[in-house]
>>> print(open('upload_13.cif').read())   # mmCIF, C-alpha atoms
data_target
loop_
_atom_site.label_atom_id
_atom_site.label_comp_id
_atom_site.auth_asym_id
_atom_site.auth_seq_id
_atom_site.Cartn_x
_atom_site.Cartn_y
_atom_site.Cartn_z
CA MET N 169 227.54 128.05 -152.26
CA ARG N 170 225.85 125.39 -150.21
CA LEU N 171 228.53 122.86 -151.05
CA LYS N 172 231.11 125.21 -149.56
CA ALA N 173 229.10 125.54 -146.37
CA ILE N 174 228.71 121.79 -146.04
CA THR N 175 232.37 121.20 -146.72
CA ALA N 176 233.29 123.77 -144.12
CA ALA N 177 230.96 122.18 -141.61
CA VAL N 178 232.36 118.70 -142.24
CA LEU N 179 235.93 119.97 -141.97
CA ILE N 180 235.22 121.78 -138.74
CA ALA N 181 233.47 118.76 -137.33
CA GLY N 182 236.39 116.60 -138.36
CA LEU N 183 238.83 119.01 -136.75
CA GLY N 184 236.72 118.87 -133.65
CA VAL N 185 236.98 115.11 -133.50
CA VAL N 186 240.73 115.22 -134.10
CA GLY N 187 241.04 117.95 -131.52
CA VAL N 188 239.23 115.90 -128.95
CA ALA N 189 241.30 112.82 -129.72
CA LEU N 190 244.57 114.72 -129.40
CA ALA N 191 243.73 117.04 -126.53
CA ALA N 192 241.68 115.09 -124.05
CA GLU N 193 242.35 111.65 -122.68
CA ASP N 194 239.40 109.25 -122.67
CA GLY N 195 237.34 109.16 -119.51
CA THR N 196 238.29 112.65 -118.33
CA HIS N 197 236.01 115.58 -117.67
CA GLU N 198 237.51 117.39 -120.67
CA ALA N 199 236.79 114.53 -123.07
CA ARG N 200 233.26 114.14 -121.80
CA ALA N 201 232.55 117.87 -121.92
CA ALA N 202 233.97 118.10 -125.45
CA LEU N 203 231.50 115.49 -126.69
CA MET N 204 228.62 117.21 -124.92
CA LYS N 205 229.64 120.53 -126.47
CA LYS N 206 229.25 118.92 -129.90
CA VAL N 207 225.69 117.99 -128.99
CA GLY N 208 225.13 121.52 -127.73
CA GLY N 209 226.44 122.95 -130.98
CA ALA N 210 224.02 120.79 -132.93
CA ALA N 211 221.14 121.93 -130.71
CA GLY N 212 222.27 125.51 -131.28
CA ALA N 213 222.27 125.12 -135.06
CA MET N 214 218.74 123.74 -134.99
CA THR N 215 217.54 126.38 -132.51
CA ALA N 216 218.73 129.14 -134.82
CA ILE N 217 216.50 127.69 -137.55
CA ALA N 218 213.55 127.08 -135.21
CA LYS N 219 213.69 130.69 -134.03
CA GLY N 220 213.95 132.06 -137.56
CA GLU N 221 217.42 133.50 -136.91
CA LYS N 222 218.78 131.39 -139.74
CA PRO N 223 216.88 130.15 -142.82
CA TYR N 224 215.67 126.55 -142.85
CA ASP N 225 218.35 124.36 -144.42
CA ALA N 226 217.79 120.60 -144.63
CA GLU N 227 221.53 119.93 -144.80
CA VAL N 228 222.20 121.82 -141.58
CA VAL N 229 219.37 119.98 -139.82
CA LYS N 230 220.64 116.64 -141.11
CA ALA N 231 224.22 117.38 -140.03
CA ALA N 232 223.05 118.43 -136.57
CA LEU N 233 220.97 115.29 -136.09
CA MET N 234 223.82 113.09 -137.29
CA THR N 235 226.16 114.77 -134.81
CA ILE N 236 223.72 114.09 -132.00
CA SER N 237 223.15 110.50 -133.09
CA GLU N 238 226.86 109.64 -133.40
CA THR N 239 228.00 111.48 -130.28
CA ALA N 240 225.32 109.86 -128.13
CA LYS N 241 226.43 106.43 -129.40
CA VAL N 242 230.04 106.88 -128.24
CA PHE N 243 229.37 108.95 -125.12
CA PRO N 244 229.12 106.00 -122.66
CA ASP N 245 232.61 104.90 -123.74
CA GLN N 246 233.89 107.87 -121.74
CA PHE N 247 232.59 106.26 -118.56
CA LYS N 248 234.32 102.88 -118.54
CA PRO N 249 235.14 101.18 -115.20
CA GLY N 250 238.12 102.91 -113.61
CA THR N 251 236.98 106.44 -114.51
CA GLU N 252 234.65 106.92 -111.53
CA THR N 253 236.79 109.57 -109.83
CA GLY N 254 238.37 112.83 -110.93
CA ASP N 255 235.28 114.40 -112.48
CA LYS N 256 233.22 116.33 -109.96
CA ALA N 257 230.39 116.75 -112.43
CA ALA N 258 229.90 113.01 -112.93
CA SER N 259 227.53 111.52 -110.37
CA PRO N 260 228.43 108.10 -108.88
CA LYS N 261 224.96 107.08 -110.08
CA ILE N 262 226.47 106.72 -113.57
CA TRP N 263 228.24 103.57 -112.41
CA GLU N 264 225.69 102.54 -109.78
CA ASP N 265 222.99 102.52 -112.45
CA HIS N 266 225.11 102.06 -115.55
CA ALA N 267 222.36 100.26 -117.43
CA ASP N 268 220.05 103.28 -117.21
CA PHE N 269 222.89 105.62 -118.19
CA LYS N 270 223.67 103.62 -121.32
CA ALA N 271 219.99 103.22 -122.15
CA ARG N 272 219.44 106.96 -122.07
CA ALA N 273 222.38 107.63 -124.38
CA ALA N 274 221.08 104.95 -126.74
CA LYS N 275 217.62 106.51 -126.65
CA LEU N 276 218.96 109.94 -127.60
CA SER N 277 220.76 108.37 -130.53
CA ALA N 278 217.69 106.39 -131.57
CA ASP N 279 215.43 109.43 -131.28
CA ALA N 280 217.79 111.41 -133.49
CA ASP N 281 217.85 108.55 -136.03
CA LYS N 282 214.06 108.51 -136.07
CA VAL N 283 213.97 112.19 -136.94
CA LEU N 284 216.64 111.67 -139.62
CA ALA N 285 214.36 109.13 -141.25
CA GLN N 286 211.59 111.73 -141.42
CA LEU N 287 213.26 115.13 -141.52
CA PRO N 288 211.23 118.17 -140.39
CA THR N 289 210.63 120.45 -143.33
CA ASP N 290 210.30 123.87 -141.72
CA ALA N 291 211.26 125.99 -138.72
CA ALA N 292 208.22 124.88 -136.72
CA GLY N 293 209.06 121.23 -137.34
CA VAL N 294 212.61 121.79 -136.16
CA GLY N 295 211.22 123.45 -133.02
CA GLY N 296 209.14 120.36 -132.30
CA VAL N 297 212.18 118.13 -132.75
CA LEU N 298 214.13 120.20 -130.23
CA LYS N 299 211.38 119.74 -127.67
CA THR N 300 211.39 115.94 -127.98
CA LEU N 301 215.16 115.56 -128.10
CA GLY N 302 215.53 118.15 -125.32
CA GLY N 303 213.57 115.91 -122.96
CA ASN N 304 216.41 113.40 -123.22
CA CYS N 305 218.96 116.05 -122.23
CA GLY N 306 217.11 117.05 -119.07
CA GLY N 307 216.32 113.51 -118.02
CA CYS N 308 219.90 112.32 -118.15
CA HIS N 309 221.36 115.48 -116.60
CA GLU N 310 218.80 115.37 -113.83
CA LYS N 311 219.95 111.98 -112.64
CA PHE N 312 223.60 111.75 -113.60
CA ARG N 313 225.13 115.21 -113.60
CA ILE N 314 226.27 117.21 -110.58
CA LYS N 315 226.28 121.00 -110.66
CA THR N 316 229.66 122.22 -109.49
CA GLU N 317 229.00 125.99 -110.05
CA MET W 799 215.85 133.36 -43.19
CA PHE W 800 214.35 130.13 -44.44
CA ARG W 801 211.05 131.92 -45.11
CA ARG W 802 212.88 134.53 -47.16
CA PHE W 803 214.56 131.79 -49.18
CA VAL W 804 211.25 130.03 -49.85
CA ARG W 805 209.72 133.34 -50.91
CA PHE W 806 212.65 133.90 -53.26
CA LEU W 807 212.19 130.42 -54.74
CA LEU W 808 208.50 131.03 -55.22
CA CYS W 809 209.24 134.31 -57.00
CA LEU W 810 211.71 132.52 -59.26
CA VAL W 811 209.15 129.85 -60.10
CA GLY W 812 206.64 132.60 -60.76
CA VAL W 813 209.02 134.34 -63.12
CA PHE W 814 209.58 131.12 -65.04
CA VAL W 815 205.87 130.34 -65.22
CA ILE W 816 204.97 133.84 -66.36
CA GLY W 817 207.96 133.95 -68.71
CA GLY W 818 207.01 130.57 -70.16
CA ALA W 819 203.44 131.71 -70.68
CA VAL W 820 204.63 134.86 -72.44
CA VAL W 821 206.92 132.87 -74.74
CA TYR W 822 204.12 130.39 -75.39
CA PHE W 823 201.74 133.13 -76.42
CA ILE W 824 204.26 135.06 -78.51
CA THR W 825 205.18 131.95 -80.44
CA ALA W 826 201.70 130.44 -80.71
CA PRO W 827 200.45 129.53 -84.18
CA ASN W 828 199.16 132.69 -85.77
CA ALA W 829 196.54 131.75 -88.35
CA PHE W 830 194.49 134.35 -90.18
CA PRO W 831 190.95 134.70 -88.78
CA GLU W 832 188.19 132.88 -90.71
CA SER W 833 186.86 136.21 -91.95
CA HIS W 834 190.11 136.80 -93.87
CA TRP W 835 189.24 133.98 -96.23
CA ALA W 836 185.58 134.80 -96.77
CA ASN W 837 184.31 136.21 -100.08
CA LEU W 838 187.19 135.03 -102.24
CA GLY W 839 184.67 133.91 -104.84
CA GLU W 840 184.81 131.12 -107.38
CA PRO W 841 188.36 129.90 -108.05
CA ASP W 842 189.87 130.59 -111.48
CA LEU W 843 191.10 127.10 -112.30
CA LYS W 844 193.28 128.18 -115.22
CA ASN W 845 195.17 130.59 -113.00
CA GLY W 846 195.19 127.94 -110.29
CA GLU W 847 197.00 125.60 -112.64
CA MET W 848 199.66 128.25 -113.36
CA VAL W 849 200.11 128.86 -109.63
CA PHE W 850 200.42 125.07 -109.24
CA TRP W 851 203.34 124.91 -111.65
CA THR W 852 204.99 128.02 -110.22
CA GLY W 853 204.74 126.57 -106.74
CA GLY W 854 206.31 123.31 -107.87
CA CYS W 855 203.91 121.22 -105.79
CA VAL W 856 204.57 118.05 -107.82
CA SER W 857 208.26 118.11 -107.04
CA CYS W 858 207.62 117.21 -103.41
CA HIS W 859 204.05 115.92 -103.25
CA ALA W 860 203.91 113.51 -106.20
CA ALA W 861 204.60 109.84 -105.45
CA PRO W 862 208.36 109.17 -105.66
CA GLY W 863 209.35 107.83 -109.07
CA SER W 864 206.11 108.82 -110.79
CA GLU W 865 206.31 110.41 -114.23
CA GLY W 866 204.12 112.30 -116.65
CA ASP W 867 200.44 112.56 -115.76
CA ALA W 868 200.89 110.21 -112.79
CA LYS W 869 202.65 113.09 -111.09
CA LEU W 870 199.33 114.89 -110.78
CA THR W 871 198.26 112.38 -108.12
CA LEU W 872 199.75 114.16 -105.12
CA SER W 873 199.89 111.15 -102.86
CA GLY W 874 202.97 112.26 -100.93
CA GLY W 875 205.48 109.77 -99.60
CA LEU W 876 208.74 111.39 -100.68
CA ALA W 877 211.39 111.26 -97.95
CA LEU W 878 213.20 114.60 -97.67
CA LYS W 879 216.52 114.22 -95.88
CA SER W 880 217.75 117.33 -94.11
CA PRO W 881 220.22 118.37 -91.40
CA PHE W 882 217.25 118.25 -89.02
CA GLY W 883 216.07 114.74 -89.82
CA THR W 884 213.89 113.16 -92.49
CA PHE W 885 210.58 114.72 -93.46
CA HIS W 886 207.90 112.55 -95.04
CA VAL W 887 205.87 114.58 -97.50
CA PRO W 888 202.10 114.33 -96.93
CA ASN W 889 199.23 113.47 -99.25
CA ILE W 890 197.59 116.64 -100.58
CA SER W 891 195.30 114.94 -103.07
CA PRO W 892 191.59 115.81 -102.72
CA ASP W 893 190.90 112.57 -100.87
CA GLU W 894 188.61 113.41 -97.96
CA LYS W 895 190.33 111.15 -95.44
CA ALA W 896 193.96 110.82 -96.52
CA GLY W 897 194.38 114.17 -98.28
CA ILE W 898 193.00 117.69 -98.14
CA GLY W 899 189.58 116.94 -99.63
CA SER W 900 187.74 118.01 -96.48
CA TRP W 901 189.78 121.16 -95.88
CA THR W 902 188.30 124.64 -96.19
CA VAL W 903 190.08 127.34 -98.19
CA ALA W 904 190.81 129.01 -94.84
CA GLN W 905 192.65 125.92 -93.60
CA PHE W 906 194.56 125.63 -96.88
CA GLY W 907 195.41 129.33 -96.89
CA ASN W 908 196.60 129.28 -93.29
CA ALA W 909 198.87 126.37 -94.08
CA LEU W 910 200.38 128.09 -97.11
CA LYS W 911 200.68 131.61 -95.76
CA ARG W 912 201.10 131.15 -92.01
CA GLY W 913 202.48 127.64 -91.66
CA VAL W 914 199.57 126.56 -89.44
CA ALA W 915 197.92 123.14 -89.80
CA PRO W 916 194.13 122.65 -89.58
CA ASN W 917 194.59 121.22 -86.09
CA GLY W 918 196.20 124.49 -85.07
CA GLN W 919 199.78 123.22 -84.86
CA HIS W 920 202.83 124.79 -86.46
CA LEU W 921 203.97 123.22 -89.73
CA TYR W 922 207.64 122.50 -90.36
CA PRO W 923 209.24 124.95 -92.81
CA SER W 924 210.36 122.04 -94.98
CA PHE W 925 207.01 123.00 -96.45
CA PRO W 926 208.17 126.37 -97.80
CA TYR W 927 205.41 128.52 -96.29
CA ASN W 928 208.13 131.03 -95.44
CA SER W 929 208.09 131.81 -99.18
CA TYR W 930 204.43 131.03 -99.96
CA ALA W 931 203.49 133.65 -97.32
CA ARG W 932 203.91 136.20 -100.13
CA MET W 933 201.24 134.69 -102.37
CA SER W 934 198.03 136.65 -102.87
CA ASP W 935 194.82 135.32 -101.35
CA LYS W 936 193.40 135.10 -104.86
CA ASP W 937 196.24 132.85 -106.04
CA VAL W 938 195.80 130.69 -102.92
CA ASN W 939 192.07 130.36 -103.60
CA ASP W 940 192.65 129.54 -107.28
CA LEU W 941 195.35 126.99 -106.43
CA PHE W 942 193.07 125.29 -103.89
CA GLY W 943 190.34 125.06 -106.51
CA TYR W 944 192.74 123.51 -109.00
CA LEU W 945 194.12 121.00 -106.50
CA LYS W 946 190.60 119.76 -105.86
CA THR W 947 190.29 118.78 -109.54
CA LEU W 948 193.28 116.41 -109.37
CA PRO W 949 193.03 112.63 -108.78
CA LYS W 950 192.48 111.29 -105.26
CA SER W 951 194.93 109.08 -103.41
CA THR W 952 194.42 107.10 -100.22
CA ASN W 953 198.14 106.99 -99.41
CA VAL W 954 199.15 107.97 -95.87
CA ALA W 955 202.77 109.09 -95.50
CA PRO W 956 204.63 108.15 -92.31
CA ALA W 957 205.30 110.74 -89.62
CA HIS W 958 208.48 112.79 -89.84
CA GLU W 959 211.61 111.22 -88.37
CA LEU W 960 213.22 114.06 -86.46
CA PRO W 961 215.68 113.73 -83.57
CA PHE W 962 215.38 115.77 -80.38
CA PRO W 963 215.02 118.78 -80.22
CA TYR W 964 213.70 119.15 -83.76
CA ASN W 965 210.73 116.91 -83.00
CA ILE W 966 209.24 119.55 -80.68
CA ARG W 967 206.68 121.26 -82.88
CA LEU W 968 206.06 123.92 -80.27
CA ALA W 969 209.61 125.15 -80.77
CA LEU W 970 208.76 126.10 -84.36
CA GLY W 971 207.09 129.13 -82.85
CA GLY W 972 210.55 130.32 -81.87
CA TRP W 973 211.87 129.57 -85.35
CA LYS W 974 209.07 131.59 -86.87
CA LEU W 975 209.79 134.48 -84.52
CA LEU W 976 213.35 134.52 -85.82
CA TYR W 977 212.80 133.83 -89.49
CA PHE W 978 209.19 133.94 -90.62
CA ASN W 979 207.99 137.09 -92.38
CA ASP W 980 206.22 138.15 -95.54
CA GLU W 981 208.38 141.21 -96.21
CA PRO W 982 210.32 141.76 -99.45
CA ARG W 983 213.57 139.76 -99.41
CA VAL W 984 215.71 142.51 -100.95
CA ALA W 985 215.47 146.23 -101.50
CA LEU W 986 214.86 147.16 -105.12
CA ALA W 987 214.95 150.63 -106.67
CA ALA W 988 211.83 152.65 -105.83
CA ASN W 989 210.63 152.94 -109.41
CA VAL W 990 211.06 149.41 -110.74
CA ASP W 991 208.72 148.54 -113.60
CA ASP W 992 205.74 146.23 -113.36
CA LYS W 993 207.64 143.35 -114.95
CA ILE W 994 210.21 143.35 -112.15
CA LYS W 995 207.42 143.66 -109.56
CA ARG W 996 205.69 140.62 -111.07
CA GLY W 997 209.02 138.80 -111.12
CA ARG W 998 209.55 139.59 -107.44
CA TYR W 999 206.07 138.27 -106.65
CA LEU W 1000 206.78 135.02 -108.50
CA VAL W 1001 210.34 134.44 -107.26
CA GLU W 1002 209.99 135.47 -103.62
CA GLY W 1003 206.54 133.85 -103.28
CA ALA W 1004 205.17 130.77 -105.01
CA GLY W 1005 208.38 130.20 -106.98
CA HIS W 1006 210.23 129.84 -103.66
CA CYS W 1007 213.54 129.95 -105.55
CA GLY W 1008 215.36 131.22 -102.47
CA GLU W 1009 214.65 127.98 -100.61
CA CYS W 1010 217.40 126.33 -102.66
CA HIS W 1011 219.37 129.27 -104.03
CA THR W 1012 219.91 131.15 -100.74
CA PRO W 1013 222.38 129.85 -98.11
CA ARG W 1014 221.04 129.04 -94.64
CA ASP W 1015 222.44 129.31 -91.13
CA SER W 1016 222.67 126.48 -88.60
CA LEU W 1017 218.98 126.77 -87.66
CA GLY W 1018 217.89 126.56 -91.28
CA GLY W 1019 216.92 130.20 -91.68
CA PHE W 1020 217.97 132.22 -94.73
CA GLU W 1021 221.16 134.26 -94.72
CA THR W 1022 219.16 137.11 -96.19
CA ALA W 1023 222.22 139.23 -96.95
CA LYS W 1024 223.12 136.56 -99.51
CA TRP W 1025 219.74 136.37 -101.22
CA LEU W 1026 219.94 133.99 -104.20
CA ALA W 1027 223.73 133.88 -103.93
CA GLY W 1028 223.90 130.08 -104.08
CA ALA W 1029 224.16 127.33 -101.48
CA PRO W 1030 225.28 123.72 -101.00
CA ASN W 1031 222.96 121.24 -102.68
CA PRO W 1032 220.51 120.11 -99.98
CA GLU W 1033 219.95 116.84 -101.86
CA GLY W 1034 223.54 115.66 -101.94
CA ARG W 1035 226.64 116.75 -103.80
CA GLY W 1036 227.59 119.89 -105.62
CA ARG W 1037 226.16 123.39 -105.46
CA ILE W 1038 222.97 125.25 -106.13
CA PRO W 1039 224.26 128.18 -108.17
CA ASN W 1040 224.33 131.90 -107.53
CA ILE W 1041 221.62 133.47 -109.70
CA THR W 1042 222.20 137.14 -108.92
CA PRO W 1043 223.72 139.49 -111.52
CA GLY W 1044 227.08 138.94 -109.77
CA ALA W 1045 227.13 135.22 -110.53
CA LYS W 1046 230.04 133.70 -112.45
CA THR W 1047 227.92 131.99 -115.11
CA VAL W 1048 224.34 133.30 -114.96
CA GLY W 1049 225.49 136.85 -114.24
CA SER W 1050 226.42 137.36 -117.88
CA TRP W 1051 223.07 136.14 -119.21
CA SER W 1052 220.57 138.61 -120.64
CA ARG W 1053 216.91 138.72 -119.63
CA GLU W 1054 216.12 136.84 -122.84
CA ASP W 1055 218.70 134.18 -122.03
CA ILE W 1056 217.16 133.58 -118.61
CA ALA W 1057 213.58 133.48 -119.89
CA ASN W 1058 214.61 131.12 -122.68
CA TYR W 1059 216.41 128.83 -120.22
CA LEU W 1060 213.31 128.61 -118.05
CA GLU W 1061 211.22 127.83 -121.12
CA THR W 1062 213.50 125.27 -122.83
CA GLY W 1063 216.15 124.17 -120.35
CA PHE W 1064 218.91 125.31 -122.72
CA THR W 1065 221.60 127.73 -121.59
CA PRO W 1066 222.94 130.38 -124.01
CA ASP W 1067 225.64 127.93 -125.14
CA PHE W 1068 223.20 125.02 -125.32
CA ASP W 1069 224.14 123.21 -122.18
CA SER W 1070 221.02 121.74 -120.57
CA ALA W 1071 219.56 122.12 -117.09
CA GLY W 1072 220.41 119.25 -114.76
CA GLY W 1073 220.15 118.03 -111.19
CA SER W 1074 217.15 119.33 -109.26
CA MET W 1075 216.79 122.27 -111.67
CA ALA W 1076 215.72 119.97 -114.49
CA GLU W 1077 212.37 119.34 -112.83
CA VAL W 1078 212.00 122.97 -111.74
CA GLN W 1079 212.50 124.01 -115.36
CA ARG W 1080 209.93 121.46 -116.56
CA ASN W 1081 207.44 122.93 -114.07
CA LEU W 1082 208.17 126.55 -114.98
CA ALA W 1083 207.93 125.77 -118.70
CA HIS W 1084 204.14 125.64 -118.16
CA LEU W 1085 204.06 129.33 -117.34
CA PRO W 1086 203.16 131.99 -119.92
CA LYS W 1087 206.25 133.60 -121.48
CA PRO W 1088 205.57 137.03 -119.89
CA ASP W 1089 205.88 135.42 -116.44
CA LEU W 1090 209.21 133.81 -117.38
CA GLU W 1091 210.35 137.21 -118.62
CA ALA W 1092 209.23 138.74 -115.32
CA ILE W 1093 211.30 136.22 -113.38
CA ALA W 1094 214.26 137.07 -115.60
CA ALA W 1095 213.75 140.81 -115.11
CA TYR W 1096 213.71 140.37 -111.32
CA LEU W 1097 216.87 138.24 -111.39
CA LYS W 1098 218.68 141.00 -113.28
CA ALA W 1099 217.43 143.58 -110.75
CA VAL W 1100 218.38 141.92 -107.44
CA PRO W 1101 221.61 143.01 -105.73
CA ASP W 1102 224.88 141.53 -106.99
CA ARG W 1103 226.16 138.91 -104.61
#
>>> encode(input="upload_13.cif", output="C-alpha cells")
Amino acid sequence: MRLKAITAAVLIAGLGVVGVALAAEDGTHEARAALMKKVGGAAGAMTAIAKGEKPYDAEVVKAALMTISETAKVFPDQFKPGTETGDKAASPKIWEDHADFKARAAKLSADADKVLAQLPTDAAGVGGVLKTLGGNCGGCHEKFRIKTE
Amino acid sequence: MFRRFVRFLLCLVGVFVIGGAVVYFITAPNAFPESHWANLGEPDLKNGEMVFWTGGCVSCHAAPGSEGDAKLTLSGGLALKSPFGTFHVPNISPDEKAGIGSWTVAQFGNALKRGVAPNGQHLYPSFPYNSYARMSDKDVNDLFGYLKTLPKSTNVAPAHELPFPYNIRLALGGWKLLYFNDEPRVALAANVDDKIKRGRYLVEGAGHCGECHTPRDSLGGFETAKWLAGAPNPEGRGRIPNITPGAKTVGSWSREDIANYLETGFTPDFDSAGGSMAEVQRNLAHLPKPDLEAIAAYLKAVPDR
C-alpha cells in the first residue's frame, strides 16, 4: 500500500517537473512561482503530519525534504542576468544583492539536507523542522519579494 | 476718513491675533493630567512583553540591520522615508540620558496615547500614537515596565529631516484636530462576542495594523471609509493588501487560516509571508494563540471593502 503511495507521489512530482519545463519559460514569473509552489506543497505535507491531520510517515517527510532541498538548489537559476524585468513580484534587490539571494537559497537546501541526515521521528519533530525551515522562507521573502496584491 | 481706516486695520489685526490665539489653544498639546497616571500599580512584565510584541516596537526602534536578541536594544536610528520627509527613529532604551530611562510613566503614557513629548511638544504621527491611543492604561504601564528591563543604548538619532511646512511641529495640532481620535475605527454589530472585542482592541490599538493596511489622504490621515482595505507600500514598491472580508485573497480565509498565518507565516496554500509583513508576523508569533484568534475574528467581522 505504501509502495503505491510513494510511486504515485514520485509520478506526480515527475509530472510537475515536466509540466514546469513544458509550460513555463525559464526566468519568468510562472516558472519561479511553479518552483515555489513545489516547496509550498512539501511544507503542506509536513504540516499535515505536524498537526496530526495525517499520520506520521517517514517516506512522506523524506520526500518533502528532498523536494525542498532540490528545488532550493535550482531556484536561483530562474534569476539569471537578463531576467530582471517582467516579474512584478521580484524585487530588484535580487540582482543588486545576488550573493545574498543565492546564499539564502543554498542555506534552505543545506538546512533541508541536515534534517534528511537526521529525520524527525514523530509529529512534534516535524513541527520543529517546519519552524527552522520556515525561518528561511520569511527571511528571503522579506528582502526579495514584492507583494503585488 | 484716515482715522476710520486705521481703526479698521486695528480691528483686523485684533481679529487675527485673537483668532491665532484661539487656534493655538485649540490645537495645543493635550496631555493627560498627572493624576490620570497615578495608582497604576506594579507593572506586569509578562503582559508588558506581550504588549511589546503586539506594538511592534522593535520594527522601528531597533538598530537598523540588527537581528535576534540584538533587536531588543532599542537604540533607534532607523531612517523612515515618507512623503513628508525622513523621520529618524529615536532611542527608547532605558538609558537615562539618550533614551527614556528618566521618563515617568505619565510621560510615556502621554507620548503613546496623546502624542505629546515630555517637553510638551506634539510628536509626529510617524510614531503611531493615533493607533496606540486605544491602548489601556494598564497595558501602557506594563509595557513601560517591560521596556525598562531591556538593554541600554547611548545612541542619539539625528533630528528629523522634514521640508517646510512639515517641519513646523506646532502645525501638528491642526493635524490632530483633523485626524486624531480614540474612537472605534468601524461600526461592528452591537452584540459582537468578546473574542471580536479583544481583536478590535488589538488591531485598532497596539497592533496598529491600519497604519499600513488603510489608505491615507494627501495629509497622511486615514481614509477611514476604507479601513484595512489596502494601500500602496509606504516602504517602496507593491501593495499592502486588503485584509477585510472583501479582499481578493485573504477574504476567503477562515478564522483558523488567519490565526495560523499570524502564528507560522504560512498561508492556507503554504505561501509564506514576505516584505514588511514577515517581521510583523515574527513579532505577532509571540502572542498567545487566543489573541491571534481574536485578531482573526475581528478581521472577519469588519466591513467588506
>>> resolve_selection(input="upload_13.cif", expression="the PyMOL selection byres ((chain N) within 6 of (chain W))", output="PyMOL selection string")
chain N and resi 208+306+309-310+314-317
>>> closest_residue(input="upload_13.cif", among="W:Ala836, W:Cys1007, W:Leu843, W:Val811", to="Gly943 (chain W)", atoms="only C-alpha atoms")
W:Leu843
>>> residues_near_point(input="upload_13.cif", point="(192.1, 129.5, -89.3)", cutoff="8 Å", atoms="all atoms listed in the file", output="list in words")
Ala829, Phe830, Pro831, Glu832, Ala904, Gln905, Asn908, Pro916 and Gly918 of chain W
>>> residues_around(input="upload_13.cif", residues="region 1010-1021 of chain W", least_positions_apart="2", cutoff="12 Å", atoms="only C-alpha atoms", output="PyMOL selection string")
(chain N and resi 317) or (chain W and resi 880-882+922-924+926+928-929+963-964+969-970+972-979+983-984+1001-1002+1005-1008+1023-1033+1037-1042+1045+1074-1075+1078+1097+1103)
>>> residues_around(input="upload_13.cif", residues="Asn917 (chain W)", least_positions_apart="3", cutoff="12 Å", atoms="all atoms listed in the file", output="list in words")
Pro827, Ala829, Trp901, Gln905, Phe906, Asn908, Ala909, Gly913, Val914, His920 and Leu921 of chain W
>>> residues_around(input="upload_13.cif", residues="Gly254 (chain N)", least_positions_apart="4", cutoff="12 Å", atoms="all atoms listed in the file", output="ChimeraX atom specification")
/N:195-198,247,250,258-260
>>> residues_around(input="upload_13.cif", residues="Asp935 (chain W)", least_positions_apart="3", cutoff="8 Å", atoms="all atoms listed in the file", output="list in words")
Trp835, Leu838, Gly907, Val938 and Asn939 of chain W
>>> resolve_selection(input="upload_13.cif", expression="the PyMOL selection byres ((chain W and resi 1088) around 12)", output="PyMOL selection string")
chain W and resi 992-994+996-997+1000+1053-1054+1057-1058+1060-1061+1082-1087+1089-1095
>>> resolve_selection(input="upload_13.cif", expression="the PyMOL selection byres ((chain N and resi 279-289) around 9)", output="list in words")
Tyr224, Asp225, Ala226, Val229, Lys230, Leu233, Met234, Ile236, Ser237, Ala274, Lys275, Leu276, Ser277, Ala278, Asp290, Ala291, Ala292, Gly293, Val294, Gly296, Val297, Thr300 and Leu301 of chain N
>>> closest_residue(input="upload_13.cif", among="W:Gly883, W:Tyr930, W:Glu981, W:Phe823", to="Phe962 (chain W)", atoms="all atoms listed in the file")
W:Gly883
>>> atom_distance(input="upload_13.cif", atom1="CA of Val820 (chain W)", atom2="CA of Ala931 (chain W)")
24.9 Å
>>> atom_distance(input="upload_13.cif", atom1="CA of Phe269 (chain N)", atom2="CA of His886 (chain W)")
28.4 Å
>>> axis_aligned_box(input="upload_13.cif", around="region 1082-1096 of chain W", padding_each_side="5 Å", output="lines of an AutoDock Vina configuration file")
center_x = 208.7
center_y = 133.2
center_z = -116.4
size_x = 21.1
size_y = 25.2
size_z = 20.2
>>> closest_residue(input="upload_13.cif", among="W:Lys950, W:His834, W:Lys911, W:Lys844", to="Lys869 (chain W)", atoms="all atoms listed in the file")
W:Lys950
>>> closest_residue(input="upload_13.cif", among="W:Ser934, W:Asn837, W:Thr952, W:Thr825", to="Pro888 (chain W)", atoms="all atoms listed in the file")
W:Thr952
>>> residues_around(input="upload_13.cif", residues="Val849 (chain W)", least_positions_apart="4", cutoff="8 Å", atoms="all atoms listed in the file", output="ChimeraX atom specification")
/W:845,853,937,940-941,1004
>>> atom_distance(input="upload_13.cif", atom1="CA of Asp194 (chain N)", atom2="CA of Ala211 (chain N)")
23.6 Å
>>> closest_residue(input="upload_13.cif", among="W:Ala819, W:Leu948, W:Leu910, W:Ala877", to="Pro862 (chain W)", atoms="only C-alpha atoms")
W:Ala877
>>> closest_residue(input="upload_13.cif", among="W:Thr884, W:Asn989, W:Thr947, W:Ser900", to="Asn965 (chain W)", atoms="all atoms listed in the file")
W:Thr884
